[in-house]
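Enquirer: Data file protein_20.cif (mmCIF, C-alpha atoms) is appended below.
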data_final
#
loop_
_atom_site.group_PDB
_atom_site.id
_atom_site.type_symbol
_atom_site.label_atom_id
_atom_site.label_comp_id
_atom_site.auth_asym_id
_atom_site.auth_seq_id
_atom_site.Cartn_x
_atom_site.Cartn_y
_atom_site.Cartn_z
ATOM 1 C CA MET A 1 317.083 -6.827 -14.390
ATOM 2 C CA ASP A 2 313.329 -6.354 -14.712
ATOM 3 C CA ARG A 3 312.788 -3.730 -12.047
ATOM 4 C CA LYS A 4 314.055 -0.171 -11.623
ATOM 5 C CA LEU A 5 317.346 0.274 -9.825
ATOM 6 C CA LYS A 6 316.715 2.027 -6.494
ATOM 7 C CA LEU A 7 319.558 4.443 -5.701
ATOM 8 C CA LEU A 8 320.226 6.559 -2.630
ATOM 9 C CA ILE A 9 322.069 9.823 -3.317
ATOM 10 C CA SER A 10 323.607 11.725 -0.436
ATOM 11 C CA ASP A 11 324.897 15.263 -0.876
ATOM 12 C CA ASP A 12 324.335 18.438 1.133
ATOM 13 C CA SER A 13 323.796 20.455 -2.044
ATOM 14 C CA LYS A 14 320.150 20.680 -3.093
ATOM 15 C CA LEU A 15 321.333 21.753 -6.537
ATOM 16 C CA LEU A 16 323.526 18.689 -6.962
ATOM 17 C CA ARG A 17 320.748 16.374 -5.766
ATOM 18 C CA LYS A 18 318.336 17.926 -8.260
ATOM 19 C CA LYS A 19 320.786 17.566 -11.169
ATOM 20 C CA LEU A 20 321.843 14.054 -10.204
ATOM 21 C CA ARG A 21 318.234 12.936 -9.702
ATOM 22 C CA ALA A 22 317.439 14.089 -13.257
ATOM 23 C CA GLU A 23 320.453 12.167 -14.615
ATOM 24 C CA LEU A 24 319.531 8.997 -12.728
ATOM 25 C CA GLU A 25 315.825 9.144 -13.569
ATOM 26 C CA SER A 26 316.754 9.457 -17.245
ATOM 27 C CA LEU A 27 318.648 6.177 -16.745
ATOM 28 C CA ASP A 28 315.454 4.552 -15.418
ATOM 29 C CA CYS A 29 316.461 4.636 -11.752
ATOM 30 C CA GLU A 30 314.288 5.315 -8.720
ATOM 31 C CA VAL A 31 315.970 7.940 -6.530
ATOM 32 C CA ILE A 32 315.984 8.506 -2.772
ATOM 33 C CA GLU A 33 317.743 11.599 -1.385
ATOM 34 C CA ALA A 34 319.705 12.289 1.803
ATOM 35 C CA GLU A 35 321.129 15.674 2.842
ATOM 36 C CA ASN A 36 324.009 14.340 4.923
ATOM 37 C CA GLY A 37 325.731 11.163 6.062
ATOM 38 C CA LYS A 38 323.439 10.633 9.039
ATOM 39 C CA GLU A 39 320.352 10.757 6.858
ATOM 40 C CA ALA A 40 322.066 8.459 4.338
ATOM 41 C CA ILE A 41 322.624 5.826 7.047
ATOM 42 C CA MET A 42 318.998 6.095 8.211
ATOM 43 C CA LYS A 43 317.615 5.832 4.668
ATOM 44 C CA ASP A 44 319.903 2.904 3.853
ATOM 45 C CA LEU A 45 318.425 1.038 6.835
ATOM 46 C CA LYS A 46 314.826 2.028 6.086
ATOM 47 C CA GLU A 47 314.631 2.010 2.292
ATOM 48 C CA HIS A 48 317.123 -0.767 1.391
ATOM 49 C CA PRO A 49 318.435 0.848 -1.807
ATOM 50 C CA ASP A 50 320.281 -1.196 -4.452
ATOM 51 C CA GLY A 51 323.189 1.243 -4.427
ATOM 52 C CA VAL A 52 324.439 4.471 -2.886
ATOM 53 C CA ILE A 53 326.095 7.548 -4.392
ATOM 54 C CA LEU A 54 327.833 9.358 -1.562
ATOM 55 C CA ASP A 55 329.505 12.767 -1.209
ATOM 56 C CA ILE A 56 332.404 13.045 1.259
ATOM 57 C CA VAL A 57 332.334 16.612 2.557
ATOM 58 C CA MET A 58 328.965 16.942 4.292
ATOM 59 C CA PRO A 59 327.856 18.525 7.585
ATOM 60 C CA GLU A 60 326.972 16.458 10.694
ATOM 61 C CA VAL A 61 328.135 13.045 9.471
ATOM 62 C CA GLY A 62 330.522 13.048 6.500
ATOM 63 C CA GLY A 63 330.692 10.543 3.662
ATOM 64 C CA ILE A 64 333.640 8.550 5.037
ATOM 65 C CA GLU A 65 331.834 7.844 8.330
ATOM 66 C CA ALA A 66 328.607 7.085 6.458
ATOM 67 C CA LEU A 67 330.454 4.679 4.130
ATOM 68 C CA GLN A 68 331.862 2.810 7.132
ATOM 69 C CA VAL A 69 328.438 2.345 8.749
ATOM 70 C CA ILE A 70 326.645 1.501 5.498
ATOM 71 C CA LYS A 71 329.234 -1.179 4.619
ATOM 72 C CA GLU A 72 328.943 -2.654 8.143
ATOM 73 C CA VAL A 73 325.163 -2.851 7.839
ATOM 74 C CA SER A 74 325.010 -3.836 4.148
ATOM 75 C CA PRO A 75 328.418 -5.311 3.158
ATOM 76 C CA ASP A 76 327.353 -6.169 -0.407
ATOM 77 C CA ILE A 77 325.803 -2.827 -1.316
ATOM 78 C CA PRO A 78 327.666 -1.023 -4.115
ATOM 79 C CA VAL A 79 328.712 2.481 -3.038
ATOM 80 C CA VAL A 80 330.090 5.098 -5.424
ATOM 81 C CA MET A 81 331.822 8.128 -3.914
ATOM 82 C CA LEU A 82 331.039 11.394 -5.731
ATOM 83 C CA SER A 83 333.116 14.166 -4.277
ATOM 84 C CA SER A 84 335.293 17.176 -4.958
ATOM 85 C CA ALA A 85 337.782 15.807 -2.406
ATOM 86 C CA GLY A 86 339.397 13.388 -4.848
ATOM 87 C CA THR A 87 342.938 13.259 -3.506
ATOM 88 C CA PRO A 88 344.815 9.946 -3.950
ATOM 89 C CA GLN A 89 344.652 9.542 -0.160
ATOM 90 C CA LYS A 90 340.832 9.813 -0.110
ATOM 91 C CA LEU A 91 340.557 7.586 -3.162
ATOM 92 C CA MET A 92 342.623 4.812 -1.548
ATOM 93 C CA GLN A 93 340.903 5.203 1.817
ATOM 94 C CA THR A 94 337.389 4.867 0.403
ATOM 95 C CA LEU A 95 338.266 1.996 -1.954
ATOM 96 C CA LYS A 96 339.867 0.121 0.965
ATOM 97 C CA MET A 97 336.684 0.711 2.955
ATOM 98 C CA GLY A 98 334.677 -1.003 0.237
ATOM 99 C CA ALA A 99 333.592 1.776 -2.121
ATOM 100 C CA MET A 100 333.175 0.475 -5.655
ATOM 101 C CA ASP A 101 334.272 3.638 -7.481
ATOM 102 C CA PHE A 102 335.209 7.283 -6.944
ATOM 103 C CA ILE A 103 334.024 10.100 -9.207
ATOM 104 C CA GLN A 104 335.677 13.489 -8.837
ATOM 105 C CA LYS A 105 333.308 16.473 -9.107
ATOM 106 C CA PRO A 106 332.270 17.930 -11.445
ATOM 107 C CA TYR A 107 330.907 14.703 -12.895
ATOM 108 C CA THR A 108 329.962 14.040 -16.505
ATOM 109 C CA SER A 109 326.819 12.245 -17.674
ATOM 110 C CA GLU A 110 329.042 9.502 -19.075
ATOM 111 C CA GLN A 111 330.650 8.888 -15.659
ATOM 112 C CA ILE A 112 327.206 8.594 -14.064
ATOM 113 C CA ARG A 113 325.972 6.243 -16.793
ATOM 114 C CA LYS A 114 329.016 3.976 -16.300
ATOM 115 C CA ALA A 115 328.559 4.032 -12.522
ATOM 116 C CA VAL A 116 324.878 3.053 -12.875
ATOM 117 C CA ASP A 117 325.797 0.221 -15.263
ATOM 118 C CA ALA A 118 328.399 -1.050 -12.780
ATOM 119 C CA ILE A 119 325.926 -0.852 -9.880
ATOM 120 C CA ARG A 120 323.278 -2.706 -11.920
ATOM 121 C CA LYS A 121 325.795 -5.435 -12.799
ATOM 122 C CA ARG A 122 326.855 -5.805 -9.158
ATOM 123 C CA VAL A 123 323.216 -6.001 -8.005
ATOM 124 C CA GLU A 124 322.481 -8.704 -10.593
ATOM 125 C CA GLN A 125 325.546 -10.680 -9.439
ATOM 126 C CA ASN A 126 324.455 -10.364 -5.800
ATOM 127 C CA GLU A 127 320.923 -11.488 -6.667
ATOM 128 C CA GLN A 128 322.221 -14.491 -8.651
ATOM 129 C CA LYS A 129 324.515 -15.384 -5.756
ATOM 130 C CA SER A 130 321.710 -15.249 -3.181
ATOM 131 C CA SER A 131 319.346 -17.101 -5.532
ATOM 132 C CA GLY A 132 322.008 -19.857 -5.948
ATOM 133 C CA GLN A 133 322.455 -20.074 -2.176
ATOM 134 C CA SER A 134 318.711 -20.373 -1.644
ATOM 135 C CA ASN A 135 318.474 -23.151 -4.301
ATOM 136 C CA ASP A 136 321.329 -25.024 -2.577
ATOM 137 C CA GLN A 137 319.479 -24.707 0.721
ATOM 138 C CA THR A 138 316.245 -26.044 -0.833
ATOM 139 C CA ASP A 139 318.123 -28.994 -2.385
ATOM 140 C CA ALA A 140 319.751 -29.758 0.963
ATOM 141 C CA GLU A 141 316.364 -29.711 2.693
ATOM 142 C CA LYS A 142 315.017 -32.210 0.137
ATOM 143 C CA MET B 1 360.412 18.642 -3.565
ATOM 144 C CA ASP B 2 360.023 22.258 -4.779
ATOM 145 C CA ILE B 3 360.811 25.360 -2.715
ATOM 146 C CA LEU B 4 357.194 25.983 -1.799
ATOM 147 C CA THR B 5 356.541 22.422 -0.684
ATOM 148 C CA ARG B 6 359.762 22.287 1.312
ATOM 149 C CA ALA B 7 359.016 25.611 3.048
ATOM 150 C CA ILE B 8 355.446 24.604 3.897
ATOM 151 C CA ARG B 9 356.501 21.237 5.249
ATOM 152 C CA LYS B 10 359.076 22.943 7.448
ATOM 153 C CA ASP B 11 356.373 25.334 8.732
ATOM 154 C CA GLU B 12 358.252 28.255 7.270
ATOM 155 C CA ARG B 13 355.259 29.630 5.457
ATOM 156 C CA ASN B 14 355.374 33.398 5.044
ATOM 157 C CA ARG B 15 353.973 36.070 2.759
ATOM 158 C CA ALA B 16 356.045 34.799 -0.167
ATOM 159 C CA GLN B 17 354.635 31.279 0.138
ATOM 160 C CA ASP B 18 351.122 32.707 0.581
ATOM 161 C CA ASP B 19 351.634 34.608 -2.668
ATOM 162 C CA VAL B 20 352.553 31.400 -4.492
ATOM 163 C CA LEU B 21 349.657 29.450 -2.957
ATOM 164 C CA TYR B 22 347.164 32.223 -3.695
ATOM 165 C CA GLY B 23 348.611 32.769 -7.182
ATOM 166 C CA ASN B 24 348.197 29.075 -8.007
ATOM 167 C CA PHE B 25 344.666 29.125 -6.619
ATOM 168 C CA MET B 26 343.640 32.165 -8.660
ATOM 169 C CA GLU B 27 345.125 30.660 -11.810
ATOM 170 C CA LEU B 28 342.946 27.584 -11.280
ATOM 171 C CA PHE B 29 339.968 29.790 -10.381
ATOM 172 C CA LEU B 30 340.169 31.648 -13.703
ATOM 173 C CA GLU B 31 340.511 28.376 -15.636
ATOM 174 C CA SER B 32 337.423 27.084 -13.803
ATOM 175 C CA ILE B 33 335.464 30.233 -14.725
ATOM 176 C CA GLU B 34 336.256 29.459 -18.365
ATOM 177 C CA ASP B 35 335.562 25.718 -18.060
ATOM 178 C CA TYR B 36 332.377 25.717 -15.995
ATOM 179 C CA LEU B 37 330.873 29.187 -16.487
ATOM 180 C CA LYS B 38 331.875 29.353 -20.156
ATOM 181 C CA THR B 39 333.070 32.925 -19.965
ATOM 182 C CA SER B 40 336.387 34.680 -19.605
ATOM 183 C CA ALA B 41 337.198 37.072 -16.780
ATOM 184 C CA ARG B 42 339.762 39.712 -15.916
ATOM 185 C CA LEU B 43 341.491 39.734 -12.543
ATOM 186 C CA THR B 44 342.717 42.754 -10.566
ATOM 187 C CA GLU B 45 344.225 42.615 -7.099
ATOM 188 C CA ILE B 46 342.657 45.299 -4.909
ATOM 189 C CA GLU B 47 342.853 46.489 -1.298
ATOM 190 C CA SER B 48 339.112 46.259 -0.666
ATOM 191 C CA PRO B 49 335.912 45.931 -2.706
ATOM 192 C CA ASP B 50 333.974 48.855 -4.147
ATOM 193 C CA GLU B 51 331.469 50.499 -1.809
ATOM 194 C CA SER B 52 328.167 48.659 -1.663
ATOM 195 C CA ASN B 53 324.796 49.870 -0.367
ATOM 196 C CA ASP B 54 323.980 46.437 0.974
ATOM 197 C CA LEU B 55 325.801 43.451 2.447
ATOM 198 C CA PHE B 56 327.538 41.171 -0.049
ATOM 199 C CA PHE B 57 326.372 37.609 -0.620
ATOM 200 C CA ALA B 58 329.326 35.330 0.068
ATOM 201 C CA ALA B 59 330.326 31.652 -0.269
ATOM 202 C CA SER B 60 333.334 30.377 1.624
ATOM 203 C CA GLN B 61 335.290 27.157 2.190
ATOM 204 C CA ARG B 62 338.366 26.195 4.200
ATOM 205 C CA ILE B 63 341.161 23.925 3.000
ATOM 206 C CA TYR B 64 343.124 22.726 6.038
ATOM 207 C CA GLY B 65 345.981 20.360 6.819
ATOM 208 C CA ASP B 66 349.567 21.036 5.736
ATOM 209 C CA VAL B 67 348.292 24.478 4.662
ATOM 210 C CA ASP B 68 345.290 26.575 5.679
ATOM 211 C CA ILE B 69 343.516 28.548 2.972
ATOM 212 C CA VAL B 70 340.038 30.002 3.172
ATOM 213 C CA SER B 71 338.607 31.116 -0.153
ATOM 214 C CA CYS B 72 335.566 33.341 -0.398
ATOM 215 C CA ILE B 73 333.542 34.423 -3.437
ATOM 216 C CA PHE B 74 331.420 37.487 -2.725
ATOM 217 C CA ALA B 75 329.260 39.758 -4.831
ATOM 218 C CA GLU B 76 326.266 42.041 -4.859
ATOM 219 C CA GLU B 77 322.966 40.270 -5.521
ATOM 220 C CA PRO B 78 322.763 40.666 -9.357
ATOM 221 C CA ALA B 79 326.258 39.271 -9.969
ATOM 222 C CA PHE B 80 325.760 36.529 -7.357
ATOM 223 C CA ILE B 81 322.562 35.419 -9.149
ATOM 224 C CA LYS B 82 324.181 35.550 -12.599
ATOM 225 C CA PHE B 83 327.166 33.537 -11.315
ATOM 226 C CA ALA B 84 324.814 30.878 -9.937
ATOM 227 C CA SER B 85 322.717 30.818 -13.116
ATOM 228 C CA ARG B 86 325.754 30.377 -15.276
ATOM 229 C CA PHE B 87 327.128 27.461 -13.213
ATOM 230 C CA SER B 88 323.851 25.609 -12.682
ATOM 231 C CA ASP B 89 322.281 26.358 -16.051
ATOM 232 C CA GLU B 90 319.113 27.440 -14.247
ATOM 233 C CA GLU B 91 317.207 30.739 -14.203
ATOM 234 C CA PHE B 92 316.906 32.620 -10.898
ATOM 235 C CA ASP B 93 315.151 35.878 -9.939
ATOM 236 C CA GLU B 94 316.389 36.220 -6.381
ATOM 237 C CA VAL B 95 318.912 34.672 -4.012
ATOM 238 C CA ASP B 96 317.465 31.425 -2.673
ATOM 239 C CA GLU B 97 318.851 28.033 -1.573
ATOM 240 C CA MET B 98 319.538 26.940 -5.162
ATOM 241 C CA VAL B 99 321.500 30.136 -5.840
ATOM 242 C CA THR B 100 323.658 29.843 -2.724
ATOM 243 C CA ASP B 101 324.094 26.105 -3.418
ATOM 244 C CA SER B 102 325.322 26.864 -6.938
ATOM 245 C CA VAL B 103 328.019 29.323 -5.867
ATOM 246 C CA VAL B 104 329.020 27.109 -2.932
ATOM 247 C CA GLU B 105 329.244 24.068 -5.242
ATOM 248 C CA PHE B 106 331.413 25.946 -7.745
ATOM 249 C CA LEU B 107 333.806 26.888 -4.934
ATOM 250 C CA ASN B 108 333.750 23.290 -3.665
ATOM 251 C CA VAL B 109 334.708 21.998 -7.126
ATOM 252 C CA VAL B 110 337.584 24.495 -7.474
ATOM 253 C CA ASN B 111 338.868 23.730 -3.978
ATOM 254 C CA GLY B 112 338.630 20.004 -4.654
ATOM 255 C CA ILE B 113 340.794 20.311 -7.755
ATOM 256 C CA TYR B 114 343.205 22.587 -5.871
ATOM 257 C CA SER B 115 343.431 20.058 -3.061
ATOM 258 C CA VAL B 116 344.319 17.352 -5.619
ATOM 259 C CA GLN B 117 346.985 19.655 -7.125
ATOM 260 C CA LEU B 118 348.455 20.211 -3.645
ATOM 261 C CA ALA B 119 348.420 16.454 -3.000
ATOM 262 C CA SER B 120 350.527 15.930 -6.142
ATOM 263 C CA ARG B 121 353.151 18.106 -4.388
ATOM 264 C CA LYS B 122 352.875 15.982 -1.229
ATOM 265 C CA ILE B 123 350.916 18.719 0.556
ATOM 266 C CA GLU B 124 348.050 16.865 2.237
ATOM 267 C CA THR B 125 344.841 18.787 2.883
ATOM 268 C CA GLU B 126 341.195 18.244 3.771
ATOM 269 C CA LEU B 127 338.149 20.241 2.732
ATOM 270 C CA ALA B 128 335.762 21.660 5.324
ATOM 271 C CA ALA B 129 332.089 21.855 4.413
ATOM 272 C CA PRO B 130 331.484 25.024 2.374
ATOM 273 C CA HIS B 131 328.936 27.555 3.554
ATOM 274 C CA TRP B 132 327.406 30.900 2.634
ATOM 275 C CA GLY B 133 326.487 34.123 4.402
ATOM 276 C CA ARG B 134 326.295 37.916 4.150
ATOM 277 C CA ILE B 135 329.371 40.068 4.734
ATOM 278 C CA GLU B 136 330.032 43.782 4.757
ATOM 279 C CA SER B 137 333.601 43.379 3.532
ATOM 280 C CA PRO B 138 336.244 40.661 3.951
ATOM 281 C CA SER B 139 337.627 41.164 7.441
ATOM 282 C CA ALA B 140 340.161 38.334 7.850
ATOM 283 C CA GLU B 141 343.823 39.360 8.017
ATOM 284 C CA PRO B 142 346.211 38.880 6.303
ATOM 285 C CA ARG B 143 344.228 38.543 3.135
ATOM 286 C CA LYS B 144 344.301 39.074 -0.585
ATOM 287 C CA VAL B 145 341.303 40.441 -2.440
ATOM 288 C CA PHE B 146 340.757 40.197 -6.179
ATOM 289 C CA LYS B 147 338.143 41.910 -8.294
ATOM 290 C CA VAL B 148 336.956 39.592 -11.055
ATOM 291 C CA SER B 149 335.333 41.278 -14.039
ATOM 292 C CA SER B 150 333.266 39.293 -16.502
ATOM 293 C CA GLU B 151 331.109 40.688 -19.305
ATOM 294 C CA VAL B 152 328.499 37.995 -18.672
ATOM 295 C CA ILE B 153 328.405 38.007 -14.855
ATOM 296 C CA GLY B 154 329.517 41.531 -13.964
ATOM 297 C CA ASP B 155 331.997 42.313 -11.200
ATOM 298 C CA PHE B 156 332.474 40.034 -8.238
ATOM 299 C CA TYR B 157 335.260 39.379 -5.735
ATOM 300 C CA VAL B 158 337.459 36.584 -4.444
ATOM 301 C CA ALA B 159 339.240 36.876 -1.090
ATOM 302 C CA LEU B 160 341.889 34.486 0.252
ATOM 303 C CA SER B 161 343.252 34.204 3.770
ATOM 304 C CA PRO B 162 344.290 31.596 6.345
ATOM 305 C CA ASP B 163 341.259 32.726 8.393
ATOM 306 C CA GLU B 164 337.504 32.521 7.905
ATOM 307 C CA PHE B 165 335.572 35.411 6.319
ATOM 308 C CA ILE B 166 332.033 34.407 7.287
ATOM 309 C CA ASN B 167 331.311 34.072 10.991
#
Would you mind writing the file out in structure tokens?

Expert:
Amino acid sequence: MDRKLKLLISDDSKLLRKKLRAELESLDCEVIEAENGKEAIMKDLKEHPDGVILDIVMPEVGGIEALQVIKEVSPDIPVVMLSSAGTPQKLMQTLKMGAMDFIQKPYTSEQIRKAVDAIRKRVEQNEQKSSGQSNDQTDAEK
Amino acid sequence: MDILTRAIRKDERNRAQDDVLYGNFMELFLESIEDYLKTSARLTEIESPDESNDLFFAASQRIYGDVDIVSCIFAEEPAFIKFASRFSDEEFDEVDEMVTDSVVEFLNVVNGIYSVQLASRKIETELAAPHWGRIESPSAEPRKVFKVSSEVIGDFYVALSPDEFIN
């Protein structure tokens, strides 16, 4: 992938966003921030990030509701849940809803690095898939 | 199913079950102080906190579902700032959004792990969004209050109750 990965992080904690932004920027990612689920949905629509890192327990609109809307709008977007609420029930629920991974807080740098690698791989696969579809369409038109 | 789980699921929770729930929570809390704040601390159960000239800074979060537990960390400004500094690895001079966020996030992490521990005993819970505020003294009843003494942070307090401490 030649360009920077554009990631949306959504967490109500300014501290966590600051720390996570530093981690992601050190991994050559461009970072967009959202303070809650509602803002995450709006920024997903407006900014078209490559991937989303989403907290669950947030005021106004929580991460579960935000995940549902984001996956409806952008079904292929990789979403990683990053939350303290890592019960097996929440894990299963979010994976069933289309989340790619679930990281229990507090995270480690290694977990974030692996998540970014997985998001990058998924984005590359999606881009290859859409590029293949567009080539097929061009061939059909010929 | 252990005695505690069975009693909670039958809605027979009483002081004895609260003691077990709170005891388990405080055990985890002390481990988390060691793991994430890299310091040890001593715990004393008290009736109420020492007199303070000013309101305490407090962070609070509710776990709800099969059980209801509100946990609250509160301290005078110097200890609150040192606690936040230690967790976030940042330097602070006064209580600001980053300081309150740090203490709130620590509590959120501890409650998240506690919620997972409860889930392993088939006690299903959810976490409410944590928040912070200023309190004179923990007012919720019934409650348990612990004084936590750390050489690095100073003295601070943890209060536990089924009801909210910060209004």

Enquirer: Which residue out of A:Lys14, A:Ala85, A:Glu35, A:Glu25 has the minimum interatomic distance to A:Pro106 when all atoms listed in the file are used?

Expert: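 Once distances to A:Pro106 are computed over all atoms listed in the file, the minimum belongs to A:Ala85.
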
Enquirer: May I have the centre and edge lengths, in Å to one decimal, of an axis-aligned box around the listed atoms of stretch 69-73 of chain A with 3 Å added to every side, as JSON?

Expert:
{"center_x": 327.2, "center_y": -0.3, "center_z": 6.7, "size_x": 10.1, "size_y": 11.2, "size_z": 10.1}

Enquirer: Which polymer residues have any atom within 10 Å of an atom of A:Glu33, counting all atoms listed in the file, with same-chain residues fewer than 2 positions away left out, as a list in words?

Expert: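 Answer for this query is Leu7, Leu8, Ile9, Ser10, Asp11, Asp12, Lys14, Arg17, Lys18, Arg21, Val31, Glu35, Asn36, Glu39, Ala40, Lys43, Val52 and Ile53 of chain A.
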
Enquirer: Which residues of chain B sit at most 7 Å from chain A, using all atoms listed in the file? Give each one's shortest atom pair and distance in Å (one decimal place), in chain and ascending residue order, as a Markdown table.

Expert:
| residue | atom | partner | partner_atom | distance |
| --- | --- | --- | --- | --- |
| B:Met98 | CA | A:Leu15 | CA | 5.7 |
| B:Asp101 | CA | A:Ser13 | CA | 5.8 |
| B:Ser102 | CA | A:Leu15 | CA | 6.5 |
| B:Asn108 | CA | A:Ser84 | CA | 6.4 |
| B:Val109 | CA | A:Ser84 | CA | 5.3 |
| B:Gly112 | CA | A:Ser84 | CA | 4.4 |
| B:Ile113 | CA | A:Ser84 | CA | 6.9 |
| B:Ser115 | CA | A:Thr87 | CA | 6.8 |
| B:Val116 | CA | A:Thr87 | CA | 4.8 |
| B:Ala119 | CA | A:Thr87 | CA | 6.4 |
| B:Leu127 | CA | A:Ala85 | CA | 6.8 |
| B:Ala128 | CA | A:Val57 | CA | 6.7 |
| B:Ala129 | CA | A:Val57 | CA | 5.6 |

Enquirer: Determine the residue membership of the PyMOL selection byres ((chain A and resi 63-70) around 8) for the file above and supply it as number ranges by chain.

Expert: A: 36-38, 40-41, 44, 54-58, 61-62, 71-75, 79, 94, 97, 99

Enquirer: With the PyMOL selection byres ((chain A and resi 121) around 12) as the selection, what would be picked from this file? Answer as a list in words, please.

Expert: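 On the file shown, the PyMOL selection byres ((chain A and resi 121) around 12) covers Met1, Leu5, Asp50, Gly51, Ile77, Pro78, Met100, Lys114, Ala115, Val116, Asp117, Ala118, Ile119, Arg120, Arg122, Val123, Glu124, Gln125, Asn126, Glu127 and Gln128 of chain A.
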
Enquirer: List, as a ChimeraX atom specification, every residue that the PyMOL selection byres ((chain B and resi 62-75) around 8) selects in the file provided.

Expert: /B:8-9,56-61,76-80,103,107,111,115,123-130,155-165

Enquirer: What is the atom CA of A:Asp76 to atom CA of A:Ser130 distance in Å?

Expert: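 These two atoms are separated by 11.0 Å.
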
Enquirer: As a PDB file, in the frame of the given file, could you write out stretch 44-50 of chain A once it has been completed with all heavy atoms?

Expert:
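Final file, rebuild.pdb:
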ATOM      1  N   ASP A  44     319.390   4.206   4.287  1.00  0.00           N
ATOM      2  CA  ASP A  44     319.903   2.904   3.853  1.00  0.00           C
ATOM      3  C   ASP A  44     319.208   1.796   4.648  1.00  0.00           C
ATOM      4  O   ASP A  44     318.783   0.780   4.091  1.00  0.00           O
ATOM      5  CB  ASP A  44     321.423   2.841   4.063  1.00  0.00           C
ATOM      6  CG  ASP A  44     321.992   1.468   3.758  1.00  0.00           C
ATOM      7  OD1 ASP A  44     321.770   0.992   2.630  1.00  0.00           O
ATOM      8  OD2 ASP A  44     322.624   0.872   4.646  1.00  0.00           O
ATOM      9  N   LEU A  45     319.067   2.023   5.969  1.00  0.00           N
ATOM     10  CA  LEU A  45     318.425   1.038   6.835  1.00  0.00           C
ATOM     11  C   LEU A  45     316.935   0.880   6.508  1.00  0.00           C
ATOM     12  O   LEU A  45     316.400  -0.215   6.487  1.00  0.00           O
ATOM     13  CB  LEU A  45     318.561   1.459   8.303  1.00  0.00           C
ATOM     14  CG  LEU A  45     319.943   1.293   8.930  1.00  0.00           C
ATOM     15  CD1 LEU A  45     320.009   2.022  10.260  1.00  0.00           C
ATOM     16  CD2 LEU A  45     320.258  -0.188   9.119  1.00  0.00           C
ATOM     17  N   LYS A  46     316.278   2.016   6.258  1.00  0.00           N
ATOM     18  CA  LYS A  46     314.826   2.028   6.086  1.00  0.00           C
ATOM     19  C   LYS A  46     314.387   1.633   4.667  1.00  0.00           C
ATOM     20  O   LYS A  46     313.424   0.902   4.497  1.00  0.00           O
ATOM     21  CB  LYS A  46     314.316   3.435   6.412  1.00  0.00           C
ATOM     22  CG  LYS A  46     312.843   3.540   6.633  1.00  0.00           C
ATOM     23  CD  LYS A  46     312.441   4.957   7.001  1.00  0.00           C
ATOM     24  CE  LYS A  46     310.925   5.098   6.845  1.00  0.00           C
ATOM     25  NZ  LYS A  46     310.524   6.497   6.812  1.00  0.00           N
ATOM     26  N   GLU A  47     315.103   2.150   3.680  1.00  0.00           N
ATOM     27  CA  GLU A  47     314.631   2.010   2.292  1.00  0.00           C
ATOM     28  C   GLU A  47     315.293   0.855   1.523  1.00  0.00           C
ATOM     29  O   GLU A  47     314.860   0.513   0.434  1.00  0.00           O
ATOM     30  CB  GLU A  47     314.892   3.313   1.514  1.00  0.00           C
ATOM     31  CG  GLU A  47     314.313   4.556   2.170  1.00  0.00           C
ATOM     32  CD  GLU A  47     312.882   4.821   1.734  1.00  0.00           C
ATOM     33  OE1 GLU A  47     312.381   4.080   0.884  1.00  0.00           O
ATOM     34  OE2 GLU A  47     312.283   5.775   2.262  1.00  0.00           O
ATOM     35  N   HIS A  48     316.382   0.316   2.059  1.00  0.00           N
ATOM     36  CA  HIS A  48     317.123  -0.767   1.391  1.00  0.00           C
ATOM     37  C   HIS A  48     317.389  -0.491  -0.090  1.00  0.00           C
ATOM     38  O   HIS A  48     316.903  -1.223  -0.964  1.00  0.00           O
ATOM     39  CB  HIS A  48     316.379  -2.106   1.551  1.00  0.00           C
ATOM     40  CG  HIS A  48     316.091  -2.438   2.974  1.00  0.00           C
ATOM     41  ND1 HIS A  48     317.091  -2.758   3.873  1.00  0.00           N
ATOM     42  CD2 HIS A  48     314.931  -2.467   3.668  1.00  0.00           C
ATOM     43  CE1 HIS A  48     316.538  -2.979   5.056  1.00  0.00           C
ATOM     44  NE2 HIS A  48     315.241  -2.803   4.970  1.00  0.00           N
ATOM     45  N   PRO A  49     318.149   0.564  -0.401  1.00  0.00           N
ATOM     46  CA  PRO A  49     318.435   0.848  -1.807  1.00  0.00           C
ATOM     47  C   PRO A  49     319.346  -0.218  -2.410  1.00  0.00           C
ATOM     48  O   PRO A  49     320.003  -0.976  -1.693  1.00  0.00           O
ATOM     49  CB  PRO A  49     319.149   2.203  -1.746  1.00  0.00           C
ATOM     50  CG  PRO A  49     319.771   2.236  -0.400  1.00  0.00           C
ATOM     51  CD  PRO A  49     318.847   1.478   0.510  1.00  0.00           C
ATOM     52  N   ASP A  50     319.379  -0.265  -3.761  1.00  0.00           N
ATOM     53  CA  ASP A  50     320.281  -1.196  -4.452  1.00  0.00           C
ATOM     54  C   ASP A  50     321.711  -0.673  -4.455  1.00  0.00           C
ATOM     55  O   ASP A  50     322.665  -1.454  -4.554  1.00  0.00           O
ATOM     56  CB  ASP A  50     319.835  -1.375  -5.913  1.00  0.00           C
ATOM     57  CG  ASP A  50     318.489  -2.050  -6.015  1.00  0.00           C
ATOM     58  OD1 ASP A  50     318.341  -3.116  -5.392  1.00  0.00           O
ATOM     59  OD2 ASP A  50     317.597  -1.525  -6.705  1.00  0.00           O
TER      60      ASP A  50
END
